[in-house]
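J.: Structure file work-v2.pdb (PDB, C-alpha atoms and all ligand atoms) right here:
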ATOM      1  CA  MET A   8       0.000   0.000   0.000  1.00  0.00           C
ATOM      2  CA  ARG A   9       1.599   3.265  -1.148  1.00  0.00           C
ATOM      3  CA  VAL A  10       0.441   6.598   0.247  1.00  0.00           C
ATOM      4  CA  THR A  11       1.209   9.794  -1.697  1.00  0.00           C
ATOM      5  CA  PRO A  12       0.250  13.290  -0.501  1.00  0.00           C
ATOM      6  CA  THR A  13      -1.228  15.548  -3.186  1.00  0.00           C
ATOM      7  CA  GLU A  14      -0.603  19.274  -3.717  1.00  0.00           C
ATOM      8  CA  ILE A  15      -2.917  19.703  -0.726  1.00  0.00           C
ATOM      9  CA  PRO A  16      -0.939  17.584   1.775  1.00  0.00           C
ATOM     10  CA  ASP A  17      -3.934  16.329   3.791  1.00  0.00           C
ATOM     11  CA  LEU A  18      -5.439  14.805   0.618  1.00  0.00           C
ATOM     12  CA  LEU A  19      -3.791  11.415   0.089  1.00  0.00           C
ATOM     13  CA  VAL A  20      -3.682   9.125  -2.923  1.00  0.00           C
ATOM     14  CA  ILE A  21      -3.572   5.519  -1.770  1.00  0.00           C
ATOM     15  CA  GLU A  22      -2.452   2.705  -4.071  1.00  0.00           C
ATOM     16  CA  PRO A  23      -3.093  -0.804  -2.725  1.00  0.00           C
ATOM     17  CA  GLN A  24      -0.750  -3.746  -3.211  1.00  0.00           C
ATOM     18  CA  VAL A  25      -2.337  -5.876  -5.933  1.00  0.00           C
ATOM     19  CA  PHE A  26      -1.651  -9.622  -6.129  1.00  0.00           C
ATOM     20  CA  GLY A  27      -2.111 -10.856  -9.675  1.00  0.00           C
ATOM     21  CA  ASP A  28      -2.084 -14.443 -10.831  1.00  0.00           C
ATOM     22  CA  GLU A  29      -3.431 -16.564 -13.669  1.00  0.00           C
ATOM     23  CA  ARG A  30      -6.939 -16.300 -12.134  1.00  0.00           C
ATOM     24  CA  GLY A  31      -6.987 -12.505 -11.996  1.00  0.00           C
ATOM     25  CA  TYR A  32      -6.063 -10.353  -8.994  1.00  0.00           C
ATOM     26  CA  PHE A  33      -6.636  -9.819  -5.269  1.00  0.00           C
ATOM     27  CA  TYR A  34      -6.086  -6.787  -3.086  1.00  0.00           C
ATOM     28  CA  GLU A  35      -7.146  -5.571   0.317  1.00  0.00           C
ATOM     29  CA  SER A  36      -9.282  -2.516  -0.427  1.00  0.00           C
ATOM     30  CA  TYR A  37      -9.136  -1.513   3.230  1.00  0.00           C
ATOM     31  CA  ASN A  38      -7.168  -2.810   6.216  1.00  0.00           C
ATOM     32  CA  GLU A  39      -7.488  -0.709   9.350  1.00  0.00           C
ATOM     33  CA  LYS A  40      -4.109  -1.657  10.802  1.00  0.00           C
ATOM     34  CA  ALA A  41      -2.173  -1.129   7.563  1.00  0.00           C
ATOM     35  CA  TRP A  42      -4.067   2.099   6.888  1.00  0.00           C
ATOM     36  CA  ARG A  43      -3.231   3.502  10.324  1.00  0.00           C
ATOM     37  CA  GLU A  44       0.420   2.417  10.070  1.00  0.00           C
ATOM     38  CA  LYS A  45       0.879   3.922   6.599  1.00  0.00           C
ATOM     39  CA  THR A  46      -1.119   7.117   6.966  1.00  0.00           C
ATOM     40  CA  GLY A  47      -0.748   7.788  10.684  1.00  0.00           C
ATOM     41  CA  ILE A  48      -4.437   8.644  10.608  1.00  0.00           C
ATOM     42  CA  ILE A  49      -6.724   7.152  13.240  1.00  0.00           C
ATOM     43  CA  GLU A  50     -10.222   7.258  11.787  1.00  0.00           C
ATOM     44  CA  HIS A  51     -13.252   5.074  12.298  1.00  0.00           C
ATOM     45  CA  PHE A  52     -15.460   4.484   9.256  1.00  0.00           C
ATOM     46  CA  VAL A  53     -19.147   4.046   9.987  1.00  0.00           C
ATOM     47  CA  GLN A  54     -20.777   3.888   6.558  1.00  0.00           C
ATOM     48  CA  ASP A  55     -20.021   2.332   3.141  1.00  0.00           C
ATOM     49  CA  ASN A  56     -21.661   3.880   0.065  1.00  0.00           C
ATOM     50  CA  HIS A  57     -21.957   2.730  -3.533  1.00  0.00           C
ATOM     51  CA  SER A  58     -23.273   4.751  -6.478  1.00  0.00           C
ATOM     52  CA  ARG A  59     -23.474   4.023 -10.218  1.00  0.00           C
ATOM     53  CA  SER A  60     -23.534   6.793 -12.784  1.00  0.00           C
ATOM     54  CA  ALA A  61     -23.454   7.074 -16.562  1.00  0.00           C
ATOM     55  CA  LYS A  62     -20.928   9.004 -18.619  1.00  0.00           C
ATOM     56  CA  ASN A  63     -20.810  12.787 -18.158  1.00  0.00           C
ATOM     57  CA  ILE A  64     -22.742  12.681 -14.898  1.00  0.00           C
ATOM     58  CA  LEU A  65     -21.217  15.009 -12.321  1.00  0.00           C
ATOM     59  CA  ARG A  66     -22.081  14.489  -8.644  1.00  0.00           C
ATOM     60  CA  GLY A  67     -21.059  17.253  -6.246  1.00  0.00           C
ATOM     61  CA  LEU A  68     -19.524  19.212  -4.853  1.00  0.00           C
ATOM     62  CA  HIS A  69     -20.905  17.983  -1.527  1.00  0.00           C
ATOM     63  CA  TYR A  70     -20.036  18.362   2.135  1.00  0.00           C
ATOM     64  CA  GLN A  71     -21.776  18.262   5.506  1.00  0.00           C
ATOM     65  CA  ILE A  72     -21.255  21.499   7.432  1.00  0.00           C
ATOM     66  CA  GLN A  73     -22.207  19.749  10.686  1.00  0.00           C
ATOM     67  CA  GLN A  74     -21.361  16.114  11.360  1.00  0.00           C
ATOM     68  CA  PRO A  75     -18.678  16.450   8.630  1.00  0.00           C
ATOM     69  CA  GLN A  76     -17.497  13.298   6.889  1.00  0.00           C
ATOM     70  CA  GLY A  77     -14.020  12.093   6.053  1.00  0.00           C
ATOM     71  CA  LYS A  78     -14.280   9.993   2.839  1.00  0.00           C
ATOM     72  CA  LEU A  79     -12.133   7.190   1.456  1.00  0.00           C
ATOM     73  CA  VAL A  80     -13.227   6.943  -2.174  1.00  0.00           C
ATOM     74  CA  ARG A  81     -12.527   4.506  -5.036  1.00  0.00           C
ATOM     75  CA  VAL A  82     -13.917   3.314  -8.353  1.00  0.00           C
ATOM     76  CA  VAL A  83     -14.592  -0.355  -9.119  1.00  0.00           C
ATOM     77  CA  VAL A  84     -16.164   0.029 -12.585  1.00  0.00           C
ATOM     78  CA  GLY A  85     -15.056   2.601 -15.156  1.00  0.00           C
ATOM     79  CA  GLU A  86     -13.258   5.873 -14.480  1.00  0.00           C
ATOM     80  CA  VAL A  87     -14.002   9.249 -12.898  1.00  0.00           C
ATOM     81  CA  PHE A  88     -12.247  12.578 -12.464  1.00  0.00           C
ATOM     82  CA  ASP A  89     -12.452  13.055  -8.701  1.00  0.00           C
ATOM     83  CA  VAL A  90     -12.206  16.498  -7.078  1.00  0.00           C
ATOM     84  CA  ALA A  91     -11.801  17.717  -3.515  1.00  0.00           C
ATOM     85  CA  VAL A  92     -11.929  21.419  -2.551  1.00  0.00           C
ATOM     86  CA  ASP A  93     -10.365  22.739   0.651  1.00  0.00           C
ATOM     87  CA  LEU A  94     -13.095  24.544   2.644  1.00  0.00           C
ATOM     88  CA  ARG A  95     -11.051  25.027   5.828  1.00  0.00           C
ATOM     89  CA  LYS A  96     -10.928  28.813   6.315  1.00  0.00           C
ATOM     90  CA  SER A  97      -7.742  28.498   8.388  1.00  0.00           C
ATOM     91  CA  SER A  98      -5.968  26.408   5.744  1.00  0.00           C
ATOM     92  CA  PRO A  99      -3.231  27.937   3.543  1.00  0.00           C
ATOM     93  CA  THR A 100      -4.861  26.053   0.661  1.00  0.00           C
ATOM     94  CA  PHE A 101      -8.401  27.327   1.373  1.00  0.00           C
ATOM     95  CA  GLY A 102     -10.381  27.423  -1.876  1.00  0.00           C
ATOM     96  CA  GLN A 103      -7.862  25.290  -3.724  1.00  0.00           C
ATOM     97  CA  TRP A 104      -8.795  21.994  -5.385  1.00  0.00           C
ATOM     98  CA  VAL A 105      -7.124  18.739  -6.326  1.00  0.00           C
ATOM     99  CA  GLY A 106      -8.331  16.492  -9.142  1.00  0.00           C
ATOM    100  CA  THR A 107      -7.280  12.924  -9.794  1.00  0.00           C
ATOM    101  CA  ASN A 108      -8.441  10.096 -12.034  1.00  0.00           C
ATOM    102  CA  LEU A 109      -9.781   7.124 -10.100  1.00  0.00           C
ATOM    103  CA  SER A 110     -10.547   3.981 -12.061  1.00  0.00           C
ATOM    104  CA  ALA A 111     -11.151   0.257 -11.797  1.00  0.00           C
ATOM    105  CA  GLU A 112      -7.896   0.002 -13.746  1.00  0.00           C
ATOM    106  CA  ASN A 113      -5.617   2.088 -11.521  1.00  0.00           C
ATOM    107  CA  LYS A 114      -7.352   0.947  -8.288  1.00  0.00           C
ATOM    108  CA  ARG A 115      -6.337   4.274  -6.771  1.00  0.00           C
ATOM    109  CA  GLN A 116      -8.139   5.582  -3.687  1.00  0.00           C
ATOM    110  CA  LEU A 117      -8.361   9.149  -2.427  1.00  0.00           C
ATOM    111  CA  TRP A 118      -8.528  10.004   1.272  1.00  0.00           C
ATOM    112  CA  ILE A 119     -10.540  13.198   1.747  1.00  0.00           C
ATOM    113  CA  PRO A 120     -10.489  14.357   5.378  1.00  0.00           C
ATOM    114  CA  VAL A 121     -13.120  16.454   7.085  1.00  0.00           C
ATOM    115  CA  GLY A 122     -13.069  20.015   5.757  1.00  0.00           C
ATOM    116  CA  PHE A 123     -13.394  19.367   2.027  1.00  0.00           C
ATOM    117  CA  ALA A 124     -16.156  19.449  -0.569  1.00  0.00           C
ATOM    118  CA  HIS A 125     -16.137  16.417  -2.863  1.00  0.00           C
ATOM    119  CA  GLY A 126     -17.399  15.614  -6.326  1.00  0.00           C
ATOM    120  CA  PHE A 127     -16.655  13.590  -9.418  1.00  0.00           C
ATOM    121  CA  LEU A 128     -17.291  13.515 -13.158  1.00  0.00           C
ATOM    122  CA  VAL A 129     -17.824  10.174 -14.900  1.00  0.00           C
ATOM    123  CA  LEU A 130     -15.445   9.665 -17.843  1.00  0.00           C
ATOM    124  CA  SER A 131     -16.347   6.077 -18.830  1.00  0.00           C
ATOM    125  CA  GLU A 132     -19.669   4.735 -20.155  1.00  0.00           C
ATOM    126  CA  TYR A 133     -20.555   3.904 -16.559  1.00  0.00           C
ATOM    127  CA  ALA A 134     -18.770   4.197 -13.236  1.00  0.00           C
ATOM    128  CA  GLU A 135     -19.415   2.508  -9.909  1.00  0.00           C
ATOM    129  CA  PHE A 136     -18.146   4.608  -7.053  1.00  0.00           C
ATOM    130  CA  LEU A 137     -17.569   3.203  -3.566  1.00  0.00           C
ATOM    131  CA  TYR A 138     -16.634   5.148  -0.455  1.00  0.00           C
ATOM    132  CA  LYS A 139     -16.301   4.805   3.287  1.00  0.00           C
ATOM    133  CA  THR A 140     -17.307   7.715   5.499  1.00  0.00           C
ATOM    134  CA  THR A 141     -16.278   8.671   9.033  1.00  0.00           C
ATOM    135  CA  ASN A 142     -19.703  10.029   9.906  1.00  0.00           C
ATOM    136  CA  TYR A 143     -23.282   9.207   9.053  1.00  0.00           C
ATOM    137  CA  TYR A 144     -25.301  10.855   6.301  1.00  0.00           C
ATOM    138  CA  ALA A 145     -27.010  13.958   7.636  1.00  0.00           C
ATOM    139  CA  PRO A 146     -29.013  15.539   4.788  1.00  0.00           C
ATOM    140  CA  GLN A 147     -30.060  18.470   6.957  1.00  0.00           C
ATOM    141  CA  HIS A 148     -26.393  19.451   7.161  1.00  0.00           C
ATOM    142  CA  GLU A 149     -25.479  18.728   3.546  1.00  0.00           C
ATOM    143  CA  ARG A 150     -24.313  21.687   1.423  1.00  0.00           C
ATOM    144  CA  THR A 151     -23.476  21.844  -2.274  1.00  0.00           C
ATOM    145  CA  LEU A 152     -20.658  23.968  -3.676  1.00  0.00           C
ATOM    146  CA  LEU A 153     -21.226  25.069  -7.286  1.00  0.00           C
ATOM    147  CA  TRP A 154     -19.270  22.707  -9.540  1.00  0.00           C
ATOM    148  CA  ASN A 155     -18.298  25.430 -12.018  1.00  0.00           C
ATOM    149  CA  ASP A 156     -17.720  28.322  -9.636  1.00  0.00           C
ATOM    150  CA  PRO A 157     -15.320  30.587 -11.580  1.00  0.00           C
ATOM    151  CA  ASP A 158     -13.483  31.358  -8.337  1.00  0.00           C
ATOM    152  CA  LEU A 159     -12.642  27.651  -8.005  1.00  0.00           C
ATOM    153  CA  ALA A 160     -11.865  27.257 -11.723  1.00  0.00           C
ATOM    154  CA  ILE A 161     -11.890  23.458 -11.506  1.00  0.00           C
ATOM    155  CA  ALA A 162     -10.479  22.019 -14.737  1.00  0.00           C
ATOM    156  CA  TRP A 163     -13.185  19.385 -15.230  1.00  0.00           C
ATOM    157  CA  PRO A 164     -12.325  17.333 -18.345  1.00  0.00           C
ATOM    158  CA  ILE A 165     -15.821  17.853 -19.745  1.00  0.00           C
ATOM    159  CA  GLN A 166     -16.678  17.347 -23.380  1.00  0.00           C
ATOM    160  CA  SER A 167     -20.183  18.760 -23.025  1.00  0.00           C
ATOM    161  CA  GLU A 168     -22.450  20.207 -20.328  1.00  0.00           C
ATOM    162  CA  PRO A 169     -22.459  17.612 -17.538  1.00  0.00           C
ATOM    163  CA  ILE A 170     -25.610  15.927 -16.263  1.00  0.00           C
ATOM    164  CA  LEU A 171     -26.414  17.199 -12.768  1.00  0.00           C
ATOM    165  CA  SER A 172     -29.051  16.568 -10.104  1.00  0.00           C
ATOM    166  CA  ALA A 173     -31.463  19.451  -9.427  1.00  0.00           C
ATOM    167  CA  LYS A 174     -29.603  20.077  -6.178  1.00  0.00           C
ATOM    168  CA  ASP A 175     -26.205  20.239  -7.884  1.00  0.00           C
ATOM    169  CA  LYS A 176     -27.464  22.654 -10.541  1.00  0.00           C
ATOM    170  CA  VAL A 177     -27.978  25.305  -7.866  1.00  0.00           C
ATOM    171  CA  GLY A 178     -24.860  24.910  -5.769  1.00  0.00           C
ATOM    172  CA  THR A 179     -23.476  27.810  -3.769  1.00  0.00           C
ATOM    173  CA  ARG A 180     -20.463  29.814  -4.887  1.00  0.00           C
ATOM    174  CA  LEU A 181     -17.445  29.689  -2.584  1.00  0.00           C
ATOM    175  CA  GLN A 182     -17.833  33.377  -1.722  1.00  0.00           C
ATOM    176  CA  ASP A 183     -21.296  32.645  -0.262  1.00  0.00           C
ATOM    177  CA  ALA A 184     -20.708  29.123   1.055  1.00  0.00           C
ATOM    178  CA  GLU A 185     -20.689  28.006   4.675  1.00  0.00           C
ATOM    179  CA  VAL A 186     -17.158  26.821   5.336  1.00  0.00           C
ATOM    180  CA  TYR A 187     -15.177  25.183   8.137  1.00  0.00           C
ATOM    181  CA  ILE A 188     -13.122  27.061  10.733  1.00  0.00           C
TER
HETATM  182  C1  LIG B 201     -25.243  10.443   0.248  1.00  0.00           C
HETATM  183  C2  LIG B 201     -26.423   9.609   0.655  1.00  0.00           C
HETATM  184  C3  LIG B 201     -27.608   9.631  -0.067  1.00  0.00           C
HETATM  185  N1  LIG B 201     -28.655   8.862   0.324  1.00  0.00           N
HETATM  186  C4  LIG B 201     -29.902   8.897  -0.464  1.00  0.00           C
HETATM  187  C5  LIG B 201     -30.537  10.279  -0.555  1.00  0.00           C
HETATM  188  C6  LIG B 201     -31.156  10.303  -1.924  1.00  0.00           C
HETATM  189  O1  LIG B 201     -32.474   9.720  -1.875  1.00  0.00           O
HETATM  190  C7  LIG B 201     -30.284   9.371  -2.754  1.00  0.00           C
HETATM  191  C8  LIG B 201     -29.280  10.117  -3.624  1.00  0.00           C
HETATM  192  O2  LIG B 201     -28.627  11.058  -2.792  1.00  0.00           O
HETATM  193  P1  LIG B 201     -27.689  12.137  -3.478  1.00  0.00           P
HETATM  194  O3  LIG B 201     -28.342  12.670  -4.707  1.00  0.00           O
HETATM  195  O4  LIG B 201     -27.268  13.119  -2.401  1.00  0.00           O
HETATM  196  O5  LIG B 201     -26.434  11.228  -3.897  1.00  0.00           O
HETATM  197  P2  LIG B 201     -25.039  11.783  -4.458  1.00  0.00           P
HETATM  198  O6  LIG B 201     -25.278  12.969  -5.339  1.00  0.00           O
HETATM  199  O7  LIG B 201     -24.336  10.613  -4.981  1.00  0.00           O
HETATM  200  O8  LIG B 201     -24.317  12.292  -3.139  1.00  0.00           O
HETATM  201  C9  LIG B 201     -22.968  11.954  -2.915  1.00  0.00           C
HETATM  202  O9  LIG B 201     -22.187  12.731  -3.812  1.00  0.00           O
HETATM  203  C10 LIG B 201     -20.784  12.522  -3.637  1.00  0.00           C
HETATM  204  C11 LIG B 201     -20.030  13.414  -4.593  1.00  0.00           C
HETATM  205  C12 LIG B 201     -20.349  12.714  -2.231  1.00  0.00           C
HETATM  206  O10 LIG B 201     -19.296  13.299  -1.927  1.00  0.00           O
HETATM  207  C13 LIG B 201     -21.167  12.040  -1.193  1.00  0.00           C
HETATM  208  O11 LIG B 201     -20.818  12.466   0.111  1.00  0.00           O
HETATM  209  C14 LIG B 201     -22.643  12.255  -1.457  1.00  0.00           C
HETATM  210  O12 LIG B 201     -22.984  13.615  -1.167  1.00  0.00           O
HETATM  211  O13 LIG B 201     -29.552   8.555  -1.806  1.00  0.00           O
HETATM  212  C15 LIG B 201     -28.586   8.032   1.434  1.00  0.00           C
HETATM  213  O14 LIG B 201     -29.559   7.336   1.784  1.00  0.00           O
HETATM  214  N2  LIG B 201     -27.427   7.987   2.167  1.00  0.00           N
HETATM  215  C16 LIG B 201     -26.341   8.749   1.819  1.00  0.00           C
HETATM  216  O15 LIG B 201     -25.281   8.667   2.503  1.00  0.00           O
END
Write the structure described by the file as structure tokens, please.
T.:
Amino acid sequence: MRVTPTEIPDLLVIEPQVFGDERGYFYESYNEKAWREKTGIIEHFVQDNHSRSAKNILRGLHYQIQQPQGKLVRVVVGEVFDVAVDLRKSSPTFGQWVGTNLSAENKRQLWIPVGFAHGFLVLSEYAEFLYKTTNYYAPQHERTLLWNDPDLAIAWPIQSEPILSAKDKVGTRLQDAEVYI
């Protein structure tokens, strides 16, 4: 398991050790002991989520202002461009974003701690997106940051206008968003 900090150091790319053989492959997608040893992070995940989306669907950018969630995200079918935005007012990288391609092929995971908005754009025909969260879903506390806020200037690799939920169409711009201390 290899852990690589991104341009925003608290955001980590995690690459599992994959054991291939003539049958296919095996890897531990999560091992609490190894994760803690390699990342130094002591988190407890309470919920596993799984969503499936078609090409050009963009989900996000979501966060819970109360009961915030750390997220360990990965893709098991297809490929997505995954984005996390730093919403920690006290952070030197406040308002900055990191994007990375997660795919069934590269088996990469992204650790997104509390304090970030998260979203992804589906690049393949379909993508199945799995993630562990460190807190339970609390819709009353969920907020949506506008995916194409010009102040964020996220370089989504879009070919055409993405397909968004009604909620995501009316996200809040960073300048007006509730953020973390
Ligand atoms: C997120 C979530 C949704 N739901 C339900 C609510 C709703 O009926 C249906 C779809 O919810 P949404 O439209 O919010 O699903 P979605 O747009 O996939 O929301 C997710 O987007 C990604 C980018 C994230 O970062 C996640 O934290 C989450 O916000 O699933 C749950 O029951 N539990 C959950 O944890």
J.: Report as JSON lines: every residue of region 20-73 of chain A with an atom at most 10 Å from region 91-114 of chain A, its closest pair of atoms, and their distance in Å to one decimal, counting all atoms listed in the file, with rows sorted by chain and ascending residue number.
T.:
{"residue": "A:Val20", "atom": "CA", "partner": "A:Thr107", "partner_atom": "CA", "distance": 8.6}
{"residue": "A:Ile21", "atom": "CA", "partner": "A:Lys114", "partner_atom": "CA", "distance": 8.8}
{"residue": "A:Glu22", "atom": "CA", "partner": "A:Lys114", "partner_atom": "CA", "distance": 6.7}
{"residue": "A:Pro23", "atom": "CA", "partner": "A:Lys114", "partner_atom": "CA", "distance": 7.2}
{"residue": "A:Gln24", "atom": "CA", "partner": "A:Lys114", "partner_atom": "CA", "distance": 9.6}
{"residue": "A:Val25", "atom": "CA", "partner": "A:Lys114", "partner_atom": "CA", "distance": 8.8}
{"residue": "A:Tyr34", "atom": "CA", "partner": "A:Lys114", "partner_atom": "CA", "distance": 9.4}
{"residue": "A:Ser36", "atom": "CA", "partner": "A:Lys114", "partner_atom": "CA", "distance": 8.8}
{"residue": "A:Gly67", "atom": "CA", "partner": "A:Ala91", "partner_atom": "CA", "distance": 9.7}
{"residue": "A:Leu68", "atom": "CA", "partner": "A:Ala91", "partner_atom": "CA", "distance": 8.0}
{"residue": "A:His69", "atom": "CA", "partner": "A:Ala91", "partner_atom": "CA", "distance": 9.3}
{"residue": "A:Tyr70", "atom": "CA", "partner": "A:Leu94", "partner_atom": "CA", "distance": 9.3}
{"residue": "A:Ile72", "atom": "CA", "partner": "A:Leu94", "partner_atom": "CA", "distance": 9.9}
J.: Can you give me, as a short mmCIF file (atom, residue, chain, number, x, y, z; two decimals) with C-alpha atoms, in the frame of the given file, the residues this file yields under the PyMOL selection byres (((chain A and resi 138) around 8) and not hetatm)?
T.:
data_model
loop_
_atom_site.label_atom_id
_atom_site.label_comp_id
_atom_site.auth_asym_id
_atom_site.auth_seq_id
_atom_site.Cartn_x
_atom_site.Cartn_y
_atom_site.Cartn_z
CA ASP A 55 -20.02 2.33 3.14
CA ASN A 56 -21.66 3.88 0.06
CA HIS A 57 -21.96 2.73 -3.53
CA LYS A 78 -14.28 9.99 2.84
CA LEU A 79 -12.13 7.19 1.46
CA VAL A 80 -13.23 6.94 -2.17
CA ARG A 81 -12.53 4.51 -5.04
CA PHE A 136 -18.15 4.61 -7.05
CA LEU A 137 -17.57 3.20 -3.57
CA LYS A 139 -16.30 4.80 3.29
CA THR A 140 -17.31 7.72 5.50
#
J.: For Ile119 (chain A), which residue out of A:Gln76, A:Gln166, A:Ser131, A:Asn155 is the nearest one, using only C-alpha atoms?
T.: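 Using only C-alpha atoms, the shortest distance to Ile119 (chain A) belongs to A:Gln76.
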J.: Rank A:Ala134, A:Val82, A:Ile161, A:Leu65 by their smallest atom-to-atom distance to ligand LIG 201 (chain B), using all atoms listed in the file, and report the top residue only.
T.: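 Residue with the minimum atom-to-atom distance to ligand LIG 201 (chain B): A:Leu65.
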J.: Please provide the set of residues having any atom within 9 Å of Tyr133 (chain A), restricted to only C-alpha atoms, with same-chain residues fewer than 3 positions apart removed, written as a PyMOL selection string.
T.: chain A and resi 59-62+84-86+129-130
J.: So which one's closest to Trp118 (chain A), A:Tyr32, A:Phe26, A:Tyr144, A:Phe52? Using all atoms listed in the file, please.
T.: A:Phe52
J.: Kindly list the centre and edge lengths in Å, rounded to one decimal, for the axis-aligned box that covers all listed atoms of region 43-46 of chain A plus 5 Å on each of its six sides, as AutoDock Vina command-line options.
T.:
--center_x -1.2 --center_y 4.8 --center_z 8.5 --size_x 14.1 --size_y 14.7 --size_z 13.7
J.: Find the residue from A:Ile170, A:Ile48, A:Ala124, A:Leu153 that sits nearest to ligand LIG 201 (chain B); use all atoms listed in the file when measuring.
T.: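 Once distances to ligand LIG 201 (chain B) are computed over all atoms listed in the file, the minimum belongs to A:Ala124.
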J.: So how many Å separate atom O5 of ligand LIG 201 (chain B) and CA of Ser172 (chain A), to one decimal?
T.: 8.6 Å
J.: Have a look at atom O8 of ligand LIG 201 (chain B) and CA of Glu185 (chain A) and let me know their distance in Å, one decimal.
T.: 17.9 Å
J.: Using all atoms listed in the file, which of the listed residues (A:Val90, A:Gly27, A:Ile64, A:Pro164) sits closest to Ile15 (chain A)?
T.: A:Val90
J.: Considering all atoms listed in the file, can you say which of A:Pro120, A:Pro169, A:Pro157, A:Gly126 comes closest to ligand LIG 201 (chain B)?
T.: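 For ligand LIG 201 (chain B), the nearest of the candidates is A:Gly126.
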J.: Mind pulling up the distance from CA of Gln116 (chain A) to CA of Pro16 (chain A)?
T.: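 Calculated distance between CA of Pro16 (chain A) and CA of Gln116 (chain A) is 15.0 Å.
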J.: Could you list the residues chosen by the PyMOL selection byres (((chain A and resi 150) around 12) and not hetatm) in this structure as JSON, numbers by chain?
T.: {"A": [67, 68, 69, 70, 71, 72, 73, 74, 75, 94, 123, 124, 125, 144, 145, 146, 147, 148, 149, 151, 152, 153, 174, 175, 177, 178, 179, 180, 181, 183, 184, 185, 186, 187]}
J.: How would region 29-41 of chain A look with N, CA and C atoms restored, written as a short mmCIF file (atom, residue, chain, number, x, y, z; two decimals), keeping the file's coordinate frame?
T.:
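That gives us result.cif:
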data_model
loop_
_atom_site.label_atom_id
_atom_site.label_comp_id
_atom_site.auth_asym_id
_atom_site.auth_seq_id
_atom_site.Cartn_x
_atom_site.Cartn_y
_atom_site.Cartn_z
N GLU A 29 -2.77 -16.11 -12.43
CA GLU A 29 -3.43 -16.56 -13.67
C GLU A 29 -4.96 -16.47 -13.55
N ARG A 30 -5.47 -16.37 -12.30
CA ARG A 30 -6.94 -16.30 -12.13
C ARG A 30 -7.42 -14.86 -12.28
N GLY A 31 -6.56 -13.91 -12.01
CA GLY A 31 -6.99 -12.50 -12.00
C GLY A 31 -6.17 -11.75 -10.98
N TYR A 32 -6.85 -11.07 -10.02
CA TYR A 32 -6.06 -10.35 -8.99
C TYR A 32 -6.82 -10.33 -7.68
N PHE A 33 -6.06 -10.00 -6.61
CA PHE A 33 -6.64 -9.82 -5.27
C PHE A 33 -5.96 -8.62 -4.62
N TYR A 34 -6.73 -7.79 -3.93
CA TYR A 34 -6.09 -6.79 -3.09
C TYR A 34 -7.01 -6.43 -1.93
N GLU A 35 -6.39 -6.04 -0.84
CA GLU A 35 -7.15 -5.57 0.32
C GLU A 35 -7.56 -4.12 0.05
N SER A 36 -8.84 -3.89 -0.12
CA SER A 36 -9.28 -2.52 -0.43
C SER A 36 -9.26 -1.64 0.84
N TYR A 37 -9.30 -2.27 1.98
CA TYR A 37 -9.14 -1.51 3.23
C TYR A 37 -8.68 -2.46 4.32
N ASN A 38 -7.65 -2.04 5.06
CA ASN A 38 -7.17 -2.81 6.22
C ASN A 38 -6.83 -1.79 7.29
N GLU A 39 -7.61 -1.78 8.35
CA GLU A 39 -7.49 -0.71 9.35
C GLU A 39 -6.07 -0.58 9.90
N LYS A 40 -5.47 -1.68 10.21
CA LYS A 40 -4.11 -1.66 10.80
C LYS A 40 -3.09 -1.09 9.81
N ALA A 41 -3.13 -1.60 8.58
CA ALA A 41 -2.17 -1.13 7.56
C ALA A 41 -2.41 0.35 7.26
#
